[in-house]
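Student: Provided herewith: protein.txt, compact mmCIF, C-alpha atoms and all ligand atoms.
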# COMPACT_ATOMS: atom_id res chain seq x y z
CA MET P 1248 228.73 29.36 103.52
CA SER P 1249 229.29 31.01 100.20
CA ASP P 1250 227.64 33.79 98.38
CA PRO P 1251 227.50 33.66 94.54
CA LEU P 1252 228.92 36.54 92.51
CA ALA P 1253 226.41 39.22 91.61
CA ILE P 1254 227.10 38.53 87.94
CA ASN P 1255 225.81 34.96 88.61
CA GLY P 1256 222.70 36.18 90.38
CA GLY P 1257 224.14 36.72 93.88
CA VAL P 1258 223.71 39.76 96.09
CA PRO P 1259 225.99 42.65 95.02
CA VAL P 1260 228.55 44.02 97.47
CA ARG P 1261 226.93 47.45 97.11
CA THR P 1262 224.06 49.17 95.33
CA ALA P 1263 224.78 52.76 96.37
CA SER P 1264 225.94 55.04 93.56
CA TRP P 1265 229.57 56.02 93.11
CA PRO P 1266 230.29 59.76 93.39
CA PRO P 1267 231.46 61.41 90.13
CA LEU P 1268 235.15 62.28 89.78
CA VAL P 1269 234.99 66.08 89.76
CA PRO P 1270 237.30 66.70 92.73
CA GLY P 1271 237.48 70.48 92.74
CA ALA P 1272 233.80 70.97 91.94
CA THR P 1273 232.61 68.78 94.81
CA ALA P 1274 234.44 71.20 97.13
CA TYR P 1275 232.64 74.29 95.75
CA GLY P 1276 231.03 76.20 98.58
CA GLU P 1277 230.95 79.40 100.56
CA GLU P 1278 234.57 80.41 99.83
CA GLU P 1279 234.06 80.22 96.05
CA ARG P 1280 230.78 82.12 96.36
CA ARG P 1281 232.42 84.92 98.33
CA ALA P 1282 235.37 85.09 95.92
CA ALA P 1283 233.05 85.45 92.92
CA ILE P 1284 230.90 88.10 94.61
CA GLU P 1285 233.97 90.08 95.58
CA VAL P 1286 234.95 90.34 91.89
CA ILE P 1287 231.41 91.26 90.83
CA GLU P 1288 231.24 93.97 93.51
CA SER P 1289 234.59 95.36 92.37
CA GLN P 1290 233.11 95.86 88.89
CA SER P 1291 236.56 94.83 87.63
CA PRO P 1292 236.35 91.52 85.78
CA PHE P 1293 239.46 92.16 83.62
CA ARG P 1294 242.86 91.16 84.94
CA TYR P 1295 244.93 94.11 83.79
CA TYR P 1296 242.85 97.17 84.76
CA GLY P 1297 239.40 98.35 85.89
CA GLU P 1298 237.44 100.36 88.45
CA LYS P 1299 238.92 98.65 91.49
CA PRO P 1300 241.08 95.79 90.20
CA LEU P 1301 241.68 93.05 92.76
CA GLY P 1302 244.55 91.32 90.93
CA LYS P 1303 243.00 87.88 91.44
CA VAL P 1304 244.65 86.33 88.37
CA ASP P 1305 248.03 87.73 89.47
CA LYS P 1306 247.49 86.19 92.90
CA LEU P 1307 246.48 82.83 91.42
CA GLU P 1308 249.63 82.82 89.26
CA GLU P 1309 251.87 83.70 92.19
CA ALA P 1310 250.28 81.08 94.42
CA TYR P 1311 250.42 78.37 91.76
CA ALA P 1312 254.05 79.10 90.87
CA ARG P 1313 254.90 78.87 94.57
CA TYR P 1314 252.93 75.63 94.95
CA VAL P 1315 254.53 73.99 91.90
CA GLY P 1316 257.97 75.44 92.54
CA THR P 1317 258.60 77.42 89.33
CA ARG P 1318 259.67 81.04 88.88
CA PHE P 1319 256.64 81.90 86.75
CA ALA P 1320 253.04 80.92 86.11
CA LEU P 1321 250.65 82.27 83.49
CA ALA P 1322 246.89 81.68 83.66
CA THR P 1323 244.92 81.06 80.46
CA HIS P 1324 241.26 80.47 79.73
CA SER P 1325 241.66 76.72 79.12
CA GLY P 1326 244.08 73.82 79.28
CA SER P 1327 243.89 73.61 75.49
CA THR P 1328 245.00 77.21 75.01
CA ALA P 1329 247.71 76.72 77.63
CA LEU P 1330 248.99 73.87 75.43
CA SER P 1331 248.85 75.95 72.24
CA VAL P 1332 250.58 78.90 73.88
CA ALA P 1333 253.30 76.77 75.50
CA LEU P 1334 254.02 74.83 72.31
CA ALA P 1335 254.15 78.05 70.29
CA ALA P 1336 256.55 79.47 72.89
CA LEU P 1337 258.78 76.41 72.38
CA GLY P 1338 258.89 77.12 68.63
CA VAL P 1339 256.57 74.34 67.47
CA GLY P 1340 255.26 75.00 63.95
CA PRO P 1341 255.47 73.75 60.35
CA GLY P 1342 258.43 71.46 59.78
CA THR P 1343 258.57 70.31 63.41
CA GLU P 1344 257.45 67.18 65.24
CA VAL P 1345 256.09 66.79 68.76
CA ILE P 1346 256.17 63.42 70.52
CA VAL P 1347 253.03 62.40 72.42
CA PRO P 1348 252.20 59.14 74.22
CA ALA P 1349 249.56 56.65 73.02
CA PHE P 1350 247.40 57.43 76.06
CA MET P 1351 246.70 61.18 76.32
CA TRP P 1352 243.92 63.58 75.47
CA ILE P 1353 242.93 64.89 72.06
CA ALA P 1354 243.71 68.41 73.36
CA ASP P 1355 247.42 67.51 73.12
CA VAL P 1356 247.05 66.55 69.46
CA ASN P 1357 244.75 69.50 68.69
CA ALA P 1358 247.40 71.97 69.85
CA ILE P 1359 250.12 70.35 67.72
CA VAL P 1360 247.99 70.12 64.58
CA HIS P 1361 246.68 73.69 64.95
CA LEU P 1362 250.28 74.90 64.94
CA ARG P 1363 250.74 72.88 61.69
CA ALA P 1364 253.27 70.55 63.31
CA ILE P 1365 253.24 66.74 63.19
CA PRO P 1366 252.27 64.62 66.21
CA VAL P 1367 254.56 61.60 66.59
CA LEU P 1368 253.08 58.83 68.71
CA ALA P 1369 255.16 56.90 71.26
CA GLU P 1370 254.48 53.82 73.37
CA ILE P 1371 253.46 53.87 77.02
CA ASP P 1372 254.82 51.59 79.76
CA GLU P 1373 253.41 50.13 82.99
CA THR P 1374 252.95 53.65 84.37
CA LEU P 1375 250.35 54.06 81.58
CA ASN P 1376 252.45 57.10 80.62
CA LEU P 1377 255.20 57.80 78.08
CA ASP P 1378 257.77 54.98 77.84
CA PRO P 1379 261.25 56.58 78.05
CA ASP P 1380 262.89 53.78 76.01
CA ASP P 1381 260.44 54.07 73.15
CA LEU P 1382 260.64 57.86 73.31
CA ALA P 1383 264.35 57.61 72.46
CA GLN P 1384 263.46 55.77 69.21
CA ARG P 1385 261.01 58.48 68.08
CA ILE P 1386 263.40 61.42 68.19
CA THR P 1387 264.39 62.91 64.80
CA PRO P 1388 266.22 66.10 63.82
CA ARG P 1389 262.77 67.71 63.52
CA THR P 1390 261.62 66.89 67.08
CA LYS P 1391 260.89 70.24 68.69
CA ALA P 1392 259.19 69.12 71.89
CA ILE P 1393 258.10 66.09 73.89
CA ILE P 1394 254.78 66.13 75.74
CA ALA P 1395 254.85 63.99 78.88
CA VAL P 1396 251.18 63.60 79.81
CA HIS P 1397 250.63 62.66 83.45
CA MET P 1398 247.52 60.56 82.84
CA ALA P 1399 244.79 59.55 85.25
CA GLY P 1400 246.40 61.02 88.35
CA THR P 1401 249.88 59.59 87.95
CA ALA P 1402 253.17 61.26 87.05
CA ALA P 1403 255.13 59.95 84.06
CA ASP P 1404 258.66 58.71 84.74
CA MET P 1405 260.13 62.21 84.52
CA PRO P 1406 263.70 61.40 85.65
CA ALA P 1407 264.06 58.84 82.83
CA ILE P 1408 262.23 60.99 80.27
CA LEU P 1409 264.34 64.06 81.09
CA ALA P 1410 267.56 62.05 80.88
CA ILE P 1411 266.74 61.17 77.25
CA ALA P 1412 265.36 64.58 76.32
CA ASP P 1413 268.39 66.33 77.79
CA GLN P 1414 270.76 64.12 75.79
CA HIS P 1415 269.11 65.49 72.65
CA GLY P 1416 268.52 69.01 73.95
CA ILE P 1417 264.75 68.72 73.42
CA PRO P 1418 262.37 70.50 75.82
CA VAL P 1419 259.74 68.49 77.68
CA LEU P 1420 256.27 69.94 78.22
CA GLU P 1421 254.48 68.33 81.16
CA ASP P 1422 250.72 68.10 80.68
CA CYS P 1423 249.55 67.98 84.31
CA SER P 1424 245.84 68.36 83.54
CA GLN P 1425 244.91 64.99 85.03
CA ALA P 1426 247.41 65.00 87.88
CA ALA P 1427 247.45 68.42 89.56
CA GLY P 1428 249.18 68.02 92.91
CA ALA P 1429 251.08 64.85 92.01
CA MET P 1430 254.80 64.78 92.72
CA ILE P 1431 257.97 62.77 92.32
CA GLU P 1432 260.36 62.84 95.28
CA GLY P 1433 258.79 66.09 96.47
CA GLN P 1434 258.92 67.81 93.07
CA VAL P 1435 255.43 68.83 91.99
CA VAL P 1436 254.44 68.01 88.39
CA GLY P 1437 254.83 71.04 86.15
CA SER P 1438 258.20 71.95 87.67
CA MET P 1439 260.38 69.22 86.16
CA GLY P 1440 260.16 69.85 82.40
CA SER P 1441 261.00 73.09 80.57
CA VAL P 1442 257.36 74.06 80.81
CA GLY P 1443 254.17 72.64 82.30
CA ILE P 1444 250.48 73.16 81.71
CA VAL P 1445 247.45 72.28 83.80
CA SER P 1446 243.74 72.43 82.97
CA LEU P 1447 241.18 73.82 85.41
CA GLN P 1448 238.24 72.35 83.49
CA TYR P 1449 235.36 70.85 85.51
CA ASN P 1450 236.72 67.27 85.70
CA LYS P 1451 240.14 68.20 87.07
CA ASN P 1452 241.60 68.10 90.58
CA PHE P 1453 240.91 71.82 91.04
CA THR P 1454 238.57 73.73 88.80
CA THR P 1455 237.20 77.03 87.55
CA GLY P 1456 234.89 75.31 85.06
CA GLU P 1457 237.25 76.30 82.25
CA GLY P 1458 240.81 77.49 82.71
CA GLY P 1459 244.47 76.64 82.46
CA ILE P 1460 247.88 77.62 83.85
CA ILE P 1461 251.33 77.45 82.28
CA THR P 1462 254.36 77.03 84.58
CA THR P 1463 258.02 77.56 83.76
CA SER P 1464 261.22 78.81 85.31
CA ASN P 1465 262.56 79.85 81.89
CA GLU P 1466 262.20 83.59 81.40
CA GLU P 1467 262.24 83.43 77.61
CA ILE P 1468 259.47 80.80 77.50
CA PHE P 1469 257.49 82.92 79.97
CA ARG P 1470 257.92 86.10 77.90
CA ARG P 1471 256.88 84.35 74.71
CA SER P 1472 253.90 82.81 76.47
CA ILE P 1473 252.74 86.22 77.69
CA CYS P 1474 252.74 87.41 74.05
CA TYR P 1475 251.00 84.39 72.57
CA HIS P 1476 248.35 84.14 75.29
CA ASP P 1477 247.49 87.82 74.94
CA MET P 1478 247.54 90.02 71.83
CA GLY P 1479 251.07 89.32 70.61
CA PHE P 1480 252.82 91.87 72.79
CA GLU P 1481 254.37 91.68 76.23
CA ARG P 1482 253.25 93.22 79.48
CA ASP P 1483 255.14 93.82 82.71
CA MET P 1484 254.41 90.78 84.86
CA GLN P 1485 255.83 88.93 87.85
CA GLY P 1486 258.91 91.10 88.14
CA ILE P 1487 259.62 91.02 84.39
CA SER P 1488 259.52 94.41 82.73
CA VAL P 1489 259.07 94.86 79.02
CA PRO P 1490 262.00 96.33 77.14
CA GLN P 1491 261.22 99.38 75.01
CA ASP P 1492 261.50 97.36 71.80
CA SER P 1493 260.27 93.96 72.94
CA PRO P 1494 262.02 91.13 71.07
CA PHE P 1495 258.91 88.99 71.20
CA GLU P 1496 256.40 91.01 69.21
CA THR P 1497 254.28 88.38 67.53
CA TRP P 1498 250.65 87.26 66.96
CA GLY P 1499 248.38 86.59 69.91
CA MET P 1500 245.84 83.87 70.60
CA GLY P 1501 243.57 85.85 72.94
CA ALA P 1502 243.63 83.36 75.79
CA ARG P 1503 243.76 85.55 78.90
CA MET P 1504 242.09 84.47 82.12
CA ASP P 1505 239.43 86.70 83.71
CA GLU P 1506 239.19 87.82 87.33
CA LEU P 1507 236.15 85.69 88.24
CA ARG P 1508 238.05 82.54 87.43
CA GLY P 1509 241.20 83.94 88.98
CA ALA P 1510 239.33 84.48 92.26
CA ILE P 1511 237.70 81.04 92.26
CA GLY P 1512 240.95 79.39 91.14
CA LEU P 1513 242.77 80.91 94.10
CA VAL P 1514 240.23 79.44 96.53
CA GLN P 1515 240.34 76.08 94.74
CA LEU P 1516 244.14 75.97 94.79
CA ALA P 1517 244.04 76.30 98.57
CA LYS P 1518 241.76 73.24 98.65
CA LEU P 1519 243.90 71.18 96.25
CA PRO P 1520 246.27 69.65 98.85
CA GLY P 1521 243.30 68.48 100.92
CA LEU P 1522 241.54 66.98 97.90
CA VAL P 1523 244.69 65.21 96.72
CA GLY P 1524 245.37 64.05 100.28
CA ALA P 1525 241.93 62.41 100.48
CA MET P 1526 242.28 60.67 97.10
CA ARG P 1527 245.84 59.59 97.86
CA GLY P 1528 244.69 58.11 101.19
CA HIS P 1529 242.05 55.95 99.46
CA GLN P 1530 244.48 54.87 96.76
CA HIS P 1531 247.15 54.00 99.29
CA ARG P 1532 244.75 51.83 101.31
CA LEU P 1533 243.57 50.02 98.19
CA ARG P 1534 247.08 49.40 96.87
CA GLU P 1535 248.13 48.00 100.25
CA ALA P 1536 245.08 45.76 100.47
CA LEU P 1537 244.97 44.58 96.86
CA GLY P 1538 248.63 44.58 95.80
CA LYS P 1539 249.01 40.83 96.31
CA THR P 1540 245.72 39.78 94.71
CA PRO P 1541 246.43 36.81 92.40
CA GLY P 1542 246.27 37.82 88.74
CA ILE P 1543 246.28 41.56 89.50
CA HIS P 1544 249.37 43.71 88.81
CA LEU P 1545 249.12 47.27 90.07
CA ARG P 1546 250.03 50.19 87.81
CA ARG P 1547 253.63 51.25 88.38
CA LEU P 1548 253.89 54.55 90.26
CA VAL P 1549 257.28 56.23 90.03
CA ASP P 1550 256.67 57.71 93.49
CA PRO P 1551 253.75 55.90 95.20
CA THR P 1552 253.63 58.44 98.03
CA GLY P 1553 253.38 61.37 95.61
CA ASP P 1554 250.52 60.20 93.40
CA SER P 1555 247.52 62.51 93.04
CA GLY P 1556 245.44 59.44 93.90
CA SER P 1557 242.47 60.02 91.60
CA TYR P 1558 242.55 56.46 90.23
CA LEU P 1559 243.37 52.91 91.17
CA ALA P 1560 244.70 51.24 88.01
CA TRP P 1561 245.84 47.67 87.50
CA PHE P 1562 246.63 45.08 84.83
CA HIS P 1563 245.40 41.53 84.24
CA ASP P 1564 247.31 38.80 82.41
CA SER P 1565 245.10 39.13 79.32
CA ALA P 1566 242.50 41.41 77.78
CA ASP P 1567 239.91 38.68 78.18
CA LEU P 1568 240.55 38.27 81.91
CA ALA P 1569 240.44 42.05 82.32
CA GLU P 1570 237.06 42.24 80.63
CA LYS P 1571 235.59 39.41 82.71
CA PHE P 1572 236.93 40.85 85.96
CA MET P 1573 235.53 44.29 85.11
CA ASP P 1574 232.09 42.89 84.29
CA ALA P 1575 232.03 40.98 87.57
CA LEU P 1576 233.18 44.04 89.56
CA ASN P 1577 230.56 46.20 87.87
CA ALA P 1578 227.87 43.71 88.84
CA GLU P 1579 229.09 44.02 92.46
CA GLY P 1580 228.47 47.78 92.25
CA ILE P 1581 232.10 48.86 91.67
CA PRO P 1582 232.32 50.98 88.49
CA ALA P 1583 235.70 49.81 87.16
CA SER P 1584 236.26 50.77 83.53
CA ARG P 1585 238.66 50.48 80.60
CA PRO P 1586 241.33 53.21 80.73
CA HIS P 1587 239.21 56.34 80.40
CA GLY P 1588 236.56 54.40 78.51
CA GLY P 1589 238.79 54.39 75.40
CA ILE P 1590 238.50 57.95 74.10
CA HIS P 1591 241.86 58.97 75.53
CA GLN P 1592 243.67 56.34 73.42
CA TYR P 1593 245.19 57.30 70.05
CA ARG P 1594 243.61 54.28 68.34
CA HIS P 1595 240.12 55.70 68.90
CA MET P 1596 240.94 59.22 67.65
CA THR P 1597 239.32 58.98 64.25
CA ASN P 1598 240.44 62.47 63.17
CA LEU P 1599 244.05 61.40 63.71
CA LEU P 1600 243.66 57.97 62.06
CA SER P 1601 242.12 59.65 58.99
CA ASN P 1602 244.61 62.55 58.84
CA ALA P 1603 241.78 65.06 59.08
CA PRO P 1604 243.20 68.38 57.85
CA VAL P 1605 243.02 71.63 59.80
CA THR P 1606 243.04 73.84 56.70
CA THR P 1607 241.32 73.53 53.31
CA GLU P 1608 244.76 72.94 51.75
CA GLY P 1609 245.17 69.76 53.82
CA CYS P 1610 247.68 71.08 56.35
CA PRO P 1611 249.52 70.01 58.38
CA TRP P 1612 249.77 66.69 56.51
CA SER P 1613 250.14 68.23 53.07
CA CYS P 1614 252.30 71.13 54.23
CA PRO P 1615 255.59 70.98 52.24
CA TYR P 1616 257.64 71.79 55.34
CA ASN P 1617 256.36 68.54 56.88
CA ALA P 1618 257.22 66.30 53.89
CA GLU P 1619 259.83 64.30 55.80
CA SER P 1620 257.76 63.53 58.88
CA PRO P 1621 255.99 60.22 59.53
CA MET P 1622 252.25 60.79 59.47
CA GLU P 1623 250.53 57.46 59.19
CA TYR P 1624 248.43 56.69 62.21
CA LYS P 1625 246.96 53.22 62.32
CA ALA P 1626 245.08 51.68 65.21
CA ASN P 1627 247.82 49.01 65.48
CA LEU P 1628 250.73 51.46 65.29
CA LEU P 1629 251.73 50.94 68.93
CA PRO P 1630 251.21 47.25 69.78
CA ARG P 1631 252.72 47.42 73.25
CA SER P 1632 250.49 50.31 74.28
CA ASN P 1633 247.44 48.59 72.84
CA GLN P 1634 248.24 45.44 74.78
CA LEU P 1635 248.80 47.34 78.03
CA LEU P 1636 245.61 49.35 77.58
CA ASP P 1637 243.65 46.17 76.76
CA LYS P 1638 244.89 44.49 79.95
CA ALA P 1639 244.41 47.56 82.18
CA ARG P 1640 241.37 48.51 84.19
CA MET P 1641 240.82 51.42 86.50
CA LEU P 1642 238.52 52.81 89.14
CA SER P 1643 238.05 56.50 89.95
CA LEU P 1644 238.62 57.47 93.59
CA PRO P 1645 236.74 60.74 94.17
CA PRO P 1646 237.64 62.62 97.36
CA LEU P 1647 234.08 62.09 98.63
CA LEU P 1648 234.58 58.32 99.00
CA THR P 1649 234.12 57.06 102.56
CA ASP P 1650 236.07 54.34 104.33
CA GLN P 1651 233.00 52.15 103.79
CA ASP P 1652 233.21 52.73 100.01
CA VAL P 1653 236.86 51.72 100.07
CA ASN P 1654 235.99 48.61 102.11
CA ASP P 1655 233.39 47.72 99.47
CA VAL P 1656 236.08 47.82 96.77
CA ILE P 1657 238.33 45.52 98.77
CA ARG P 1658 235.47 43.09 99.44
CA ALA P 1659 234.42 43.10 95.78
CA PHE P 1660 237.98 42.43 94.54
CA ARG P 1661 238.32 39.49 96.97
CA LYS P 1662 234.91 38.10 96.15
CA VAL P 1663 235.46 38.23 92.37
CA THR P 1664 238.98 36.82 92.65
CA LYS P 1665 237.76 33.84 94.69
CA GLY P 1666 234.63 33.42 92.58
CA LYS P 1667 232.46 33.69 95.69
CA GLY P 1668 231.86 35.85 98.73
CA ASP P 1669 232.05 34.79 102.36
C1 LIG W 1 241.49 68.17 80.28
C2 LIG W 1 242.76 67.95 79.57
C3 LIG W 1 243.32 68.90 78.70
C4 LIG W 1 242.59 70.09 78.17
O1 LIG W 1 242.01 70.90 79.00
P1 LIG W 1 240.78 71.86 78.63
O2 LIG W 1 240.88 72.80 79.78
O3 LIG W 1 239.57 71.03 78.61
O4 LIG W 1 241.07 72.52 77.34
C5 LIG W 1 244.58 68.66 78.18
N1 LIG W 1 245.23 67.53 78.45
C6 LIG W 1 244.72 66.57 79.24
C7 LIG W 1 245.52 65.34 79.50
C8 LIG W 1 243.45 66.72 79.80
O5 LIG W 1 242.94 65.75 80.56
Take the structure from the file and write it as structure tokens.
Ligand SMILES: *Cc1c(COP(=O)(O)O)cnc(C)c1O

Tutor:
Amino acid sequence: MSDPLAINGGVPVRTASWPPLVPGATAYGEEERRAAIEVIESQSPFRYYGEKPLGKVDKLEEAYARYVGTRFALATHSGSTALSVALAALGVGPGTEVIVPAFMWIADVNAIVHLRAIPVLAEIDETLNLDPDDLAQRITPRTKAIIAVHMAGTAADMPAILAIADQHGIPVLEDCSQAAGAMIEGQVVGSMGSVGIVSLQYNKNFTTGEGGIITTSNEEIFRRSICYHDMGFERDMQGISVPQDSPFETWGMGARMDELRGAIGLVQLAKLPGLVGAMRGHQHRLREALGKTPGIHLRRLVDPTGDSGSYLAWFHDSADLAEKFMDALNAEGIPASRPHGGIHQYRHMTNLLSNAPVTTEGCPWSCPYNAESPMEYKANLLPRSNQLLDKARMLSLPPLLTDQDVNDVIRAFRKVTKGKGD
């Protein structure tokens, strides 16, 4: 009794659609509605003052700092502006380099280039995140910051990354946008580096549609961030009072968060542990069931119990096998894909490969301060990352998945591996 693979004309394991991965948004409901209405009825949409200010952004910052385990948090209107503000606060600018992994999001590169600094690409390892050994090779006297991007739900190897960064005295910025709620040995992402950022955009683990939050326990980074995210001057916040002649008077980026998002963000943050718990549960079951599948090597998780759980990711022995397996799984109704479809890989970022300038004068590439920095980006620059990404496949695990959906994945993996169902 054997059942041919769907790709060979057999009956697929499932035909039902797969829910989209928008974890926070799928939990939108009555609480978010009430939070938004409360702000509208207060007629006070601005965080710093108004008719009857509710302090929602303050409350979101306090709650998020407590959740992550940092002294401070600062909400912004996007993950991108959180990146720009945090990098500016670290002193990134012309004549400096920032190390980013091969697998990340263009927002990381945007922020570096907008500050007229040079992005330096580094390899990833089997975590699909920054490879600590390769990172060590990329450090120069101009390296001002390292961005550890926790991609596709999973924390980068922070203990190893921090060991190298600390040796050189270089701050690490954790980009937690794709892994809110993930942890390593109980430490939540965003609390391990000098500074962290998270995006609250629609696709993320908790969401306000657009939004971001910076976390840090470093008072100077926090003070600078307040200036940059606002109008270039400080305000009294979170127990920090502004000295008469503030030492951080600078130029602002106008990236404050508003009260509507603050209110919804606060409700969403309360739902985050439940959403992550659901995703983590599915991921854990799948890793247990599929970990010994011949020809499949699961993505390395530094702390498997602390993953945010939004993806199952694995490697095949070759790119060709990965492609064939994915096609067969897709035919069975399981929407496995290449790592983020490709657009999160440096080799597909055409603006980077072509050194697209951010100013008419050709900066940052032509900026004289940057003359000593490497700035050639070719699609084959990082062969190890390319190979890993070619051999990797992943499957999103939205919180709405049922046990039956998870069973379907297990059945489809077994069927495709054996070449037939039973
Ligand atoms: C979503 C995302 C961002 C940017 O967030 P926006 O809020 O869309 O600006 C930054 N980094 C990573 C890794 C992301 O996934």

Student: Quick one: residues within 9 Å of ligand LIG 1 (chain W), with all atoms listed in the file, as an MDAnalysis selection string?

Tutor: chainID P and resid 1324:1330 1350:1355 1396:1399 1422:1426 1444:1451 1456:1459 1591

Student: Hey, which of P:Arg1661, P:Tyr1624, P:Arg1389, P:Tyr1558 ends up closest to Met1596 in chain P? Count only C-alpha atoms.

Tutor: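 The shortest atom-to-atom distance to Met1596 in chain P comes from P:Tyr1624.
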
Student: Would you list the residues near (259.9, 54.5, 79.1) (no more than 12 Å away, in the coordinates of the file, using all atoms listed in the file) as a short mmCIF file (atom, residue, chain, number, x, y, z; two decimals) with C-alpha atoms, keeping the file's coordinate frame?

Tutor:
data_model
loop_
_atom_site.label_atom_id
_atom_site.label_comp_id
_atom_site.auth_asym_id
_atom_site.auth_seq_id
_atom_site.Cartn_x
_atom_site.Cartn_y
_atom_site.Cartn_z
CA PRO P 1348 252.20 59.14 74.22
CA ALA P 1369 255.16 56.90 71.26
CA GLU P 1370 254.48 53.82 73.37
CA ILE P 1371 253.46 53.87 77.02
CA ASP P 1372 254.82 51.59 79.76
CA GLU P 1373 253.41 50.13 82.99
CA THR P 1374 252.95 53.65 84.37
CA LEU P 1375 250.35 54.06 81.58
CA ASN P 1376 252.45 57.10 80.62
CA LEU P 1377 255.20 57.80 78.08
CA ASP P 1378 257.77 54.98 77.84
CA PRO P 1379 261.25 56.58 78.05
CA ASP P 1380 262.89 53.78 76.01
CA ASP P 1381 260.44 54.07 73.15
CA LEU P 1382 260.64 57.86 73.31
CA ALA P 1383 264.35 57.61 72.46
CA GLN P 1384 263.46 55.77 69.21
CA ARG P 1385 261.01 58.48 68.08
CA ALA P 1395 254.85 63.99 78.88
CA ALA P 1403 255.13 59.95 84.06
CA ASP P 1404 258.66 58.71 84.74
CA MET P 1405 260.13 62.21 84.52
CA PRO P 1406 263.70 61.40 85.65
CA ALA P 1407 264.06 58.84 82.83
CA ILE P 1408 262.23 60.99 80.27
CA LEU P 1409 264.34 64.06 81.09
CA ALA P 1410 267.56 62.05 80.88
CA ILE P 1411 266.74 61.17 77.25
CA ALA P 1412 265.36 64.58 76.32
CA ARG P 1547 253.63 51.25 88.38
CA VAL P 1549 257.28 56.23 90.03
CA ARG P 1631 252.72 47.42 73.25
CA SER P 1632 250.49 50.31 74.28
#

Student: Nearest to Val1360 in chain P among P:Met1641, P:Ala1517, P:Cys1614, P:Leu1420, with distances taken over all atoms listed in the file: which residue is it?

Tutor: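 Using all atoms listed in the file, the shortest distance to Val1360 in chain P belongs to P:Cys1614.
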
Student: Report as AutoDock Vina command-line options the centre and the edge lengths, in Å to one decimal, of the axis-aligned box holding every listed atom of range 1302-1317 of chain P, padded by 8 Å on each side.

Tutor:
--center_x 250.8 --center_y 82.7 --center_z 91.7 --size_x 31.6 --size_y 33.3 --size_z 22.6

Student: Nearest residue to Pro1341 in chain P out of P:Thr1607, P:Gln1651, P:Thr1390, P:Ser1557, using only C-alpha atoms?

Tutor: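 Of P:Thr1607, P:Gln1651, P:Thr1390, P:Ser1557, the one nearest Pro1341 in chain P, counting only C-alpha atoms, is P:Thr1390.
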
Student: List the neighbours of Thr1462 in chain P out to 7 Å using all atoms listed in the file; skip same-chain residues closer than 3 positions along the sequence, and give me the result as a PyMOL selection string.

Tutor: chain P and resi 1312+1317+1319-1321+1437+1442-1444

Student: In terms of the shortest atom-to-atom distance over all atoms listed in the file, which of P:Ala1364, P:Leu1629, P:Met1573, P:Met1478 is closest to Asn1617 in chain P?

Tutor: P:Ala1364

Student: Using only C-alpha atoms, which of the listed residues (P:Leu1642, P:Gln1530, P:Pro1292, P:Glu1608) sits closest to Ala1583 in chain P?

Tutor: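 Of P:Leu1642, P:Gln1530, P:Pro1292, P:Glu1608, the one nearest Ala1583 in chain P, counting only C-alpha atoms, is P:Leu1642.
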
Student: Mind giving me the straight-line distance from CA of Pro1418 in chain P to CA of Ile1394 in chain P in Å, one decimal?

Tutor: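 Distance between the two atoms: 8.8 Å.
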
Student: Do a neighbour search on Asn1654 in chain P at 10 Å with only C-alpha atoms, toss out local chain neighbours closer than 3 positions, and write the hits as number ranges by chain.

Tutor: P: 1260, 1529, 1532-1533, 1536, 1649-1651, 1657-1660

Student: List the spatial neighbours of Phe1293 in chain P as number ranges by chain - criterion: any atom at most 8 Å away, only C-alpha atoms, same-chain residues fewer than 5 positions off excluded.

Tutor: P: 1300, 1505-1506

Student: Regenerate range 1447-1452 of chain P at the level of N, CA, C and O atoms and dump it as a short mmCIF file (atom, residue, chain, number, x, y, z; two decimals), keeping the file's coordinate frame.

Tutor:
data_model
loop_
_atom_site.label_atom_id
_atom_site.label_comp_id
_atom_site.auth_asym_id
_atom_site.auth_seq_id
_atom_site.Cartn_x
_atom_site.Cartn_y
_atom_site.Cartn_z
N LEU P 1447 242.08 73.61 84.27
CA LEU P 1447 241.18 73.82 85.41
C LEU P 1447 239.74 73.54 85.00
O LEU P 1447 238.80 74.06 85.59
N GLN P 1448 239.57 72.73 83.96
CA GLN P 1448 238.24 72.35 83.49
C GLN P 1448 237.52 71.54 84.59
O GLN P 1448 238.16 71.01 85.51
N TYR P 1449 236.24 71.44 84.49
CA TYR P 1449 235.36 70.85 85.51
C TYR P 1449 235.81 69.49 86.07
O TYR P 1449 235.67 69.21 87.25
N ASN P 1450 236.36 68.62 85.23
CA ASN P 1450 236.72 67.27 85.70
C ASN P 1450 238.02 67.20 86.49
O ASN P 1450 238.36 66.14 87.01
N LYS P 1451 238.76 68.29 86.56
CA LYS P 1451 240.14 68.20 87.07
C LYS P 1451 240.22 68.37 88.59
O LYS P 1451 239.26 68.75 89.23
N ASN P 1452 241.42 68.12 89.12
CA ASN P 1452 241.60 68.10 90.58
C ASN P 1452 241.26 69.41 91.25
O ASN P 1452 240.85 69.43 92.41
#
